[in-house]
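Student: One structure follows; several queries about it will come next.
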Amino acid sequence: MTETTKPKFTCRDVRVHYGDFEALHGIDIDIPDHGVTAFIGPSGCGKSTFLRTFNRMNDTIDGCRVSGQILMDGEDIYDKNLDPVLLRAQVGMVFQKPNPFPKSIYDNVAYGPRIHGLTSSKAELDVLVEKSLRRAGLWDEVKDRLKLSGTGLSGGQQQRLVIARAIAVNPEVILMDEPASALDPIATAKLEALIEELKERYCIIIVTHSMAQAARVSDKTAFFYMGDLIEFDNTDKIFTNPGNDRTQDYITGRTG
Amino acid sequence: MTEKAFTSEAALKRLKKRRGKEWRFRLWGRAAIGFALAALAWLLISIVGTGYTAFQQNFMTLEFELSESVLAPDGTRDPEKLRGANYRRIVQTTMYELFPEVTDRKAKQELFGLTSASGATNKLRQMVYKNPDLIGKTVSVTVPASDQIDQLLKGYIKRDTDESRRKVSDQQIAWADTLKERGIIKKKFNRILFMNPDSRDPELAGIASAVIGSVMILVVAFVLAFPIGVGAAIYLDEFAPKNKFTDFIEININNLAAVPSIVFGLLGLAVFLNFMGMPRSIPLVGGMVLALRVFPTITIATRSALQGVSPSIVDGALSLGASHTQAVFQQKLPLAAPGILTGSIIGMAQALGETAPLLMIGMVAFVTEVPNSITEPATALPVQIFLWSDSAERAWAERTSAAIIVLLVVLITMNGFAIWLRNRLEQRR
Ligand SMILES: Nc1ncnc2c1ncn2[C@@H]1O[C@H](COP(=O)(O)OP(=O)(O)O)[C@@H](O)[C@H]1O
Ligand SMILES: [Mg+2]
């Protein structure tokens, strides 16, 4: 990751309000393309809130307002003329709790391509579904039971199914909000290996409460504290030689 | 400490108290359930007890000589003219021939009274109308016995009461017994109850027009109430802005579900009949009134079904770039469907049992024909029950209970279907 790479997202003075409550107090950050950026910080500090500004999922929350500027590849994603629906096709999201649709595995993956009209034939859709499941590392486990319900899979498989579902619409960015918090250690390891693979192709932003996980999977780490971005740097630097005392306290477990 | 905390005397005492409380509560619960079951059993026993005999009826199989001299003295075979012929004479002749020794006028009348006069004449009239060639021939036809004889043979008319205090004379009793011995009177399944419309004669009365009327009313009510109820719920839950006005609407829909149904009847009377000038007693109006009655139920059921769907599903769809409408209709609604359908079926079952609003819009009419369309006068099953229950004769009491049994069976079937559907749809998830 060289410093000259153009950032994927450029955020300036991003503030988010829930009603009268200001959850984020003006965040400035440049998220690099290709690679994993981790958001860490004590619970309630605004990590999820900030993550949701990148695909405008905050728009769906009553009383939530976002101000400031967020550019994606130089384009303002809060432009009045931009349809958030199109933005979300480019910025996929994986949630804390696996949320596959209670439909077949195939239909889960095919849902996005169908609503966006990405394929013109059943055969093409089949290919896309297989490709997405392969990329999510799930194909071998489910290829014989594509017709079975997605909710019948294990937690880790469900989470990878949700990733396959997001990949199928061909996004550039994948947002993950504590994707491993409901998984056992083995499923978590698989998920982390997958993230390692996906970062070649996608810009990944991951919220995690596990310091170790951030250290393992991310290239850059941002530390948030009570609605402020305290420190943002290369992950090695943050975990070995943080520039801020609060970061130091948090990663060593003195706050949290 | 020598004593462990959970074996100390105080702890044991507390435990005993707690167990006592639990035991008393269980007793209460059992008593309550026992009471409910007893009430249900009492209801079923009393209704089935009086009603089950109505599913069978005493019929007479008789040889009728369709003599030309009586029916067509002028030799006509024109079906229209034959309608007005004197079939009563034919029936009388046949009845008199059963006991040729009877000559007295009054006794003859009593003899004739063993059979259902209009039942027999109508049946012969229909047969001849359909096939005038029958004239001159002798046909064997099964006709209902009169309701008094039916009740007598079912044992509802006590033979040991004084003759003056029962409607069947000693002579008639003797005849009926003889005819039964001779195999002319037989008890059979009462098709009339299901195939015939209402009638003045209990032995000819059936629930057909009421059942068809009820079906039509339900179809109209469903076609109106389902889209309105579900649509209102989806809009209120998913699309309406949350403000004072929508709160107000919400409260009113909930209130509407609690409004006594007779009020809807009055509303229907004022709006559909008096203001819009629609005819009384037709299923269309009945259905419209009951649609008003049921749509709040459907709306409430739909809303709770929608609220039961995990929001993470909608988030998942939205995060893939689905529009709000797509997320709701493609992901949320299918998941809410079991709840919506169950609520709707239960709403429909409610509508099926409604009587008061139908009375208000004149569905108490005495309807002797099975309606062919929703704009023809009809009655409804619960109204039919109400009408019959008003008649004092024993034969009506029996039929009232039988109609109640039919209504209950339909209601239980509908509710059972709702439960089955819910389980089935939920299993598929
Ligand atoms: N939907 C919401 N409505 C109101 N306040 C919210 C909502 N979501 C989050 N918040 C508040 O915003 C702050 C940041 O929350 P969040 O972004 O979920 O934190 P994190 O993900 O870091 O735990 C918290 O104080 C939380 O209470
Ligand atoms: Mg969070």
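Ordered as shown in the structure tokens, chains take letters A, B, and onward, while each chain numbers its residues from 1 and ligands are numbered from 1 in the order shown.
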With a distance cut-off of 6 Å and only C-alpha atoms, select the neighbouring residues of stretch 7-20 of chain A, excluding the residue or stretch itself and same-chain residues fewer than 2 positions from it, and output the selection as a list in words.
Tutor: Glu22, Ala23, Leu24, His25, Gly26, Ile27, Asp28, Ile29, Asp30, Ile31, Pro32, Asp33, Gly63, Cys64, Arg65, Val66, Ser67, Gly68, Gln69, Ile70, Leu71, Met72 and Asp73 of chain A
Student: Set the cut-off to 7 Å, count only C-alpha atoms and all ligand atoms, and list whatever residues fall near ligand 2 as a ChimeraX atom specification.
Tutor: /A:43-44,47-48,177
Student: Could you please take those selected residues and save N, CA, C and O atoms as a short mmCIF file (atom, residue, chain, number, x, y, z; two decimals), in the first residue's frame?
Tutor:
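After the write, part_0.cif holds the following:
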```cif
data_model
loop_
_atom_site.label_atom_id
_atom_site.label_comp_id
_atom_site.auth_asym_id
_atom_site.auth_seq_id
_atom_site.Cartn_x
_atom_site.Cartn_y
_atom_site.Cartn_z
N SER A 43 -17.42 -0.26 22.59
CA SER A 43 -18.77 -0.35 22.08
C SER A 43 -19.53 0.95 22.32
O SER A 43 -19.34 1.61 23.34
N GLY A 44 -20.29 1.37 21.32
CA GLY A 44 -21.04 2.62 21.42
C GLY A 44 -20.26 3.83 20.94
O GLY A 44 -20.75 4.96 21.01
N LYS A 47 -18.72 3.07 15.61
CA LYS A 47 -18.13 2.33 14.49
C LYS A 47 -19.20 1.92 13.47
O LYS A 47 -19.06 2.16 12.27
N SER A 48 -20.27 1.30 13.99
CA SER A 48 -21.33 0.85 13.08
C SER A 48 -21.97 2.03 12.38
O SER A 48 -22.25 1.98 11.17
N ASP A 177 -19.79 -5.59 9.46
CA ASP A 177 -19.99 -5.09 10.81
C ASP A 177 -19.88 -6.25 11.80
O ASP A 177 -20.82 -7.02 11.95
#
```
Student: Return the neighbours of chain B among the residues of chain A, cut-off 7 Å, counting only C-alpha atoms, as a list of chain:residue names.
Tutor: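 Residues of chain A within 7 Å of chain B, counting only C-alpha atoms: A:Val85, A:Leu86, A:Arg88, A:Ala89, A:Gly92, A:Met93, A:Asn99, A:Phe101, A:Pro102, A:Lys103, A:Gly112, A:Ile115, A:Ala166.
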Student: Write out as a ChimeraX atom specification which residues come within 9 Å of A:Asp107 when counting only C-alpha atoms, dropping same-chain ones fewer than 5 positions away.
Tutor: /A:101,129,146-147,149-150
Student: Could the residues in this selection be written to a file with N, CA and C atoms, as a compact mmCIF listing (two decimals), in the first residue's frame?
Tutor:
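Just written: out06.txt:
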```txt
# COMPACT_ATOMS: atom_id res chain seq x y z
N PHE A 101 -31.69 -14.78 3.46
CA PHE A 101 -33.14 -14.81 3.28
C PHE A 101 -33.62 -16.24 3.52
N VAL A 129 -24.00 -17.41 -9.99
CA VAL A 129 -24.22 -17.94 -8.64
C VAL A 129 -23.04 -18.81 -8.24
N LEU A 146 -28.12 -26.66 -3.40
CA LEU A 146 -28.44 -25.26 -3.71
C LEU A 146 -29.92 -24.97 -3.50
N LYS A 147 -30.75 -26.02 -3.57
CA LYS A 147 -32.19 -25.80 -3.45
C LYS A 147 -32.65 -25.74 -1.99
N SER A 149 -32.78 -24.51 2.01
CA SER A 149 -32.88 -23.16 2.55
C SER A 149 -31.54 -22.67 3.10
N GLY A 150 -31.28 -21.39 2.86
CA GLY A 150 -30.05 -20.79 3.35
C GLY A 150 -30.00 -20.72 4.87
```
Student: Hey, what's within 7 Å of B:Pro283 if we count only C-alpha atoms and toss same-chain stuff fewer than 4 positions away? As a VMD selection string, please?
Tutor: chain B and resid 213 216 to 217 287 374 to 375 378
Student: For the selection you just gave me, I'd like the residues written to a file as a PDB file, in the first residue's frame, keeping N, CA and C atoms.
Tutor:
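Saved the output as part-v2.pdb:
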```
ATOM      1  N   GLY B 213     -75.966 -18.362   0.201  1.00  0.00           N
ATOM      2  CA  GLY B 213     -75.937 -16.935   0.557  1.00  0.00           C
ATOM      3  C   GLY B 213     -74.712 -16.605   1.383  1.00  0.00           C
ATOM      4  N   MET B 216     -71.606 -16.581  -0.765  1.00  0.00           N
ATOM      5  CA  MET B 216     -71.530 -15.367  -1.578  1.00  0.00           C
ATOM      6  C   MET B 216     -71.118 -14.167  -0.732  1.00  0.00           C
ATOM      7  N   ILE B 217     -71.726 -14.063   0.441  1.00  0.00           N
ATOM      8  CA  ILE B 217     -71.394 -12.939   1.327  1.00  0.00           C
ATOM      9  C   ILE B 217     -69.908 -12.981   1.685  1.00  0.00           C
ATOM     10  N   GLY B 287     -72.130  -8.660   1.998  1.00  0.00           N
ATOM     11  CA  GLY B 287     -70.683  -8.789   1.897  1.00  0.00           C
ATOM     12  C   GLY B 287     -69.983  -7.469   2.141  1.00  0.00           C
ATOM     13  N   ILE B 374     -75.136 -12.567  -6.713  1.00  0.00           N
ATOM     14  CA  ILE B 374     -75.010 -11.795  -5.483  1.00  0.00           C
ATOM     15  C   ILE B 374     -76.006 -10.643  -5.419  1.00  0.00           C
ATOM     16  N   THR B 375     -76.822 -10.487  -6.447  1.00  0.00           N
ATOM     17  CA  THR B 375     -77.814  -9.416  -6.391  1.00  0.00           C
ATOM     18  C   THR B 375     -79.219  -9.971  -6.231  1.00  0.00           C
ATOM     19  N   ALA B 378     -81.113 -13.320  -0.666  1.00  0.00           N
ATOM     20  CA  ALA B 378     -80.598 -14.548  -0.070  1.00  0.00           C
ATOM     21  C   ALA B 378     -80.656 -14.378   1.425  1.00  0.00           C
TER      22      ALA B 378
END
```
Student: What's the separation between atom CA of B:Val230 and atom CA of B:Arg303, in Å to one decimal place?
Tutor: 8.2 Å
Student: Give me, please, the distance in Å between atom CA of A:Arg135 and atom CA of A:Pro185, quoted to one decimal.
Tutor: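 According to the coordinates, atom CA of A:Arg135 and atom CA of A:Pro185 are separated by 21.0 Å.
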Student: Quick one, how far is atom CA of A:Ile230 from atom CA of A:Glu200?
Tutor: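 It comes out at 27.6 Å.
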Student: Could you check which of A:Pro171, A:Pro42, A:Pro84, A:Gly35 is closest to A:Arg56, using only C-alpha atoms?
Tutor: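 Of A:Pro171, A:Pro42, A:Pro84, A:Gly35, the one nearest A:Arg56 is A:Pro84, counting only C-alpha atoms.
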Student: Taking the chain letters and numbering used in this document, name the residues of stretch 243-403 of chain B that DSSP puts in helix (DSSP H, G or I), as number ranges by chain.
Tutor: B: 244-258, 261-275, 283-307, 311-319, 324-353, 356-360, 381-389, 394-403
Student: Env of stretch 56-60 of chain B: 9 Å cut, atoms = only C-alpha atoms, seq-sep filter 3 positions within chain, self excluded. Answer as a PyMOL selection string.
Tutor: chain B and resi 52-53+115+141-147+149-151+153-154+179-180+183-192+203
Student: Name the residues in contact with B:Pro227 at a cut-off of 12 Å, using only C-alpha atoms, excluding same-chain residues fewer than 2 positions from it; report them as a list in words.
Tutor: Val220, Ala221, Phe222, Val223, Leu224, Ala225, Gly229, Val230, Gly231, Ala232, Ala233, Ile234, Tyr235, Ala291, Val294, Phe295, Pro296, Ile298, Thr299, Thr302, Ile340, Leu341 and Ser344 of chain B
Student: DSSP on the backbone, then: every residue of stretch 107-347 of chain B marked strand (DSSP E), written as JSON, numbers by chain.
Tutor: {"B": [138, 139, 140, 141, 142, 143, 144, 185, 186, 187, 188, 189]}
Student: Using only C-alpha atoms and all ligand atoms, which of the listed residues (A:Ala193, A:Met226, A:Leu128, A:Ile174) sits closest to ligand 1?
Tutor: A:Met226
Student: Choose the residue, out of B:Ser116, B:Asn254, B:Thr379, B:Ser46, that has the smallest atom-to-atom separation from B:Ile405; count only C-alpha atoms.
Tutor: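 Of the candidates, the smallest distance to B:Ile405 is held by B:Ser46.
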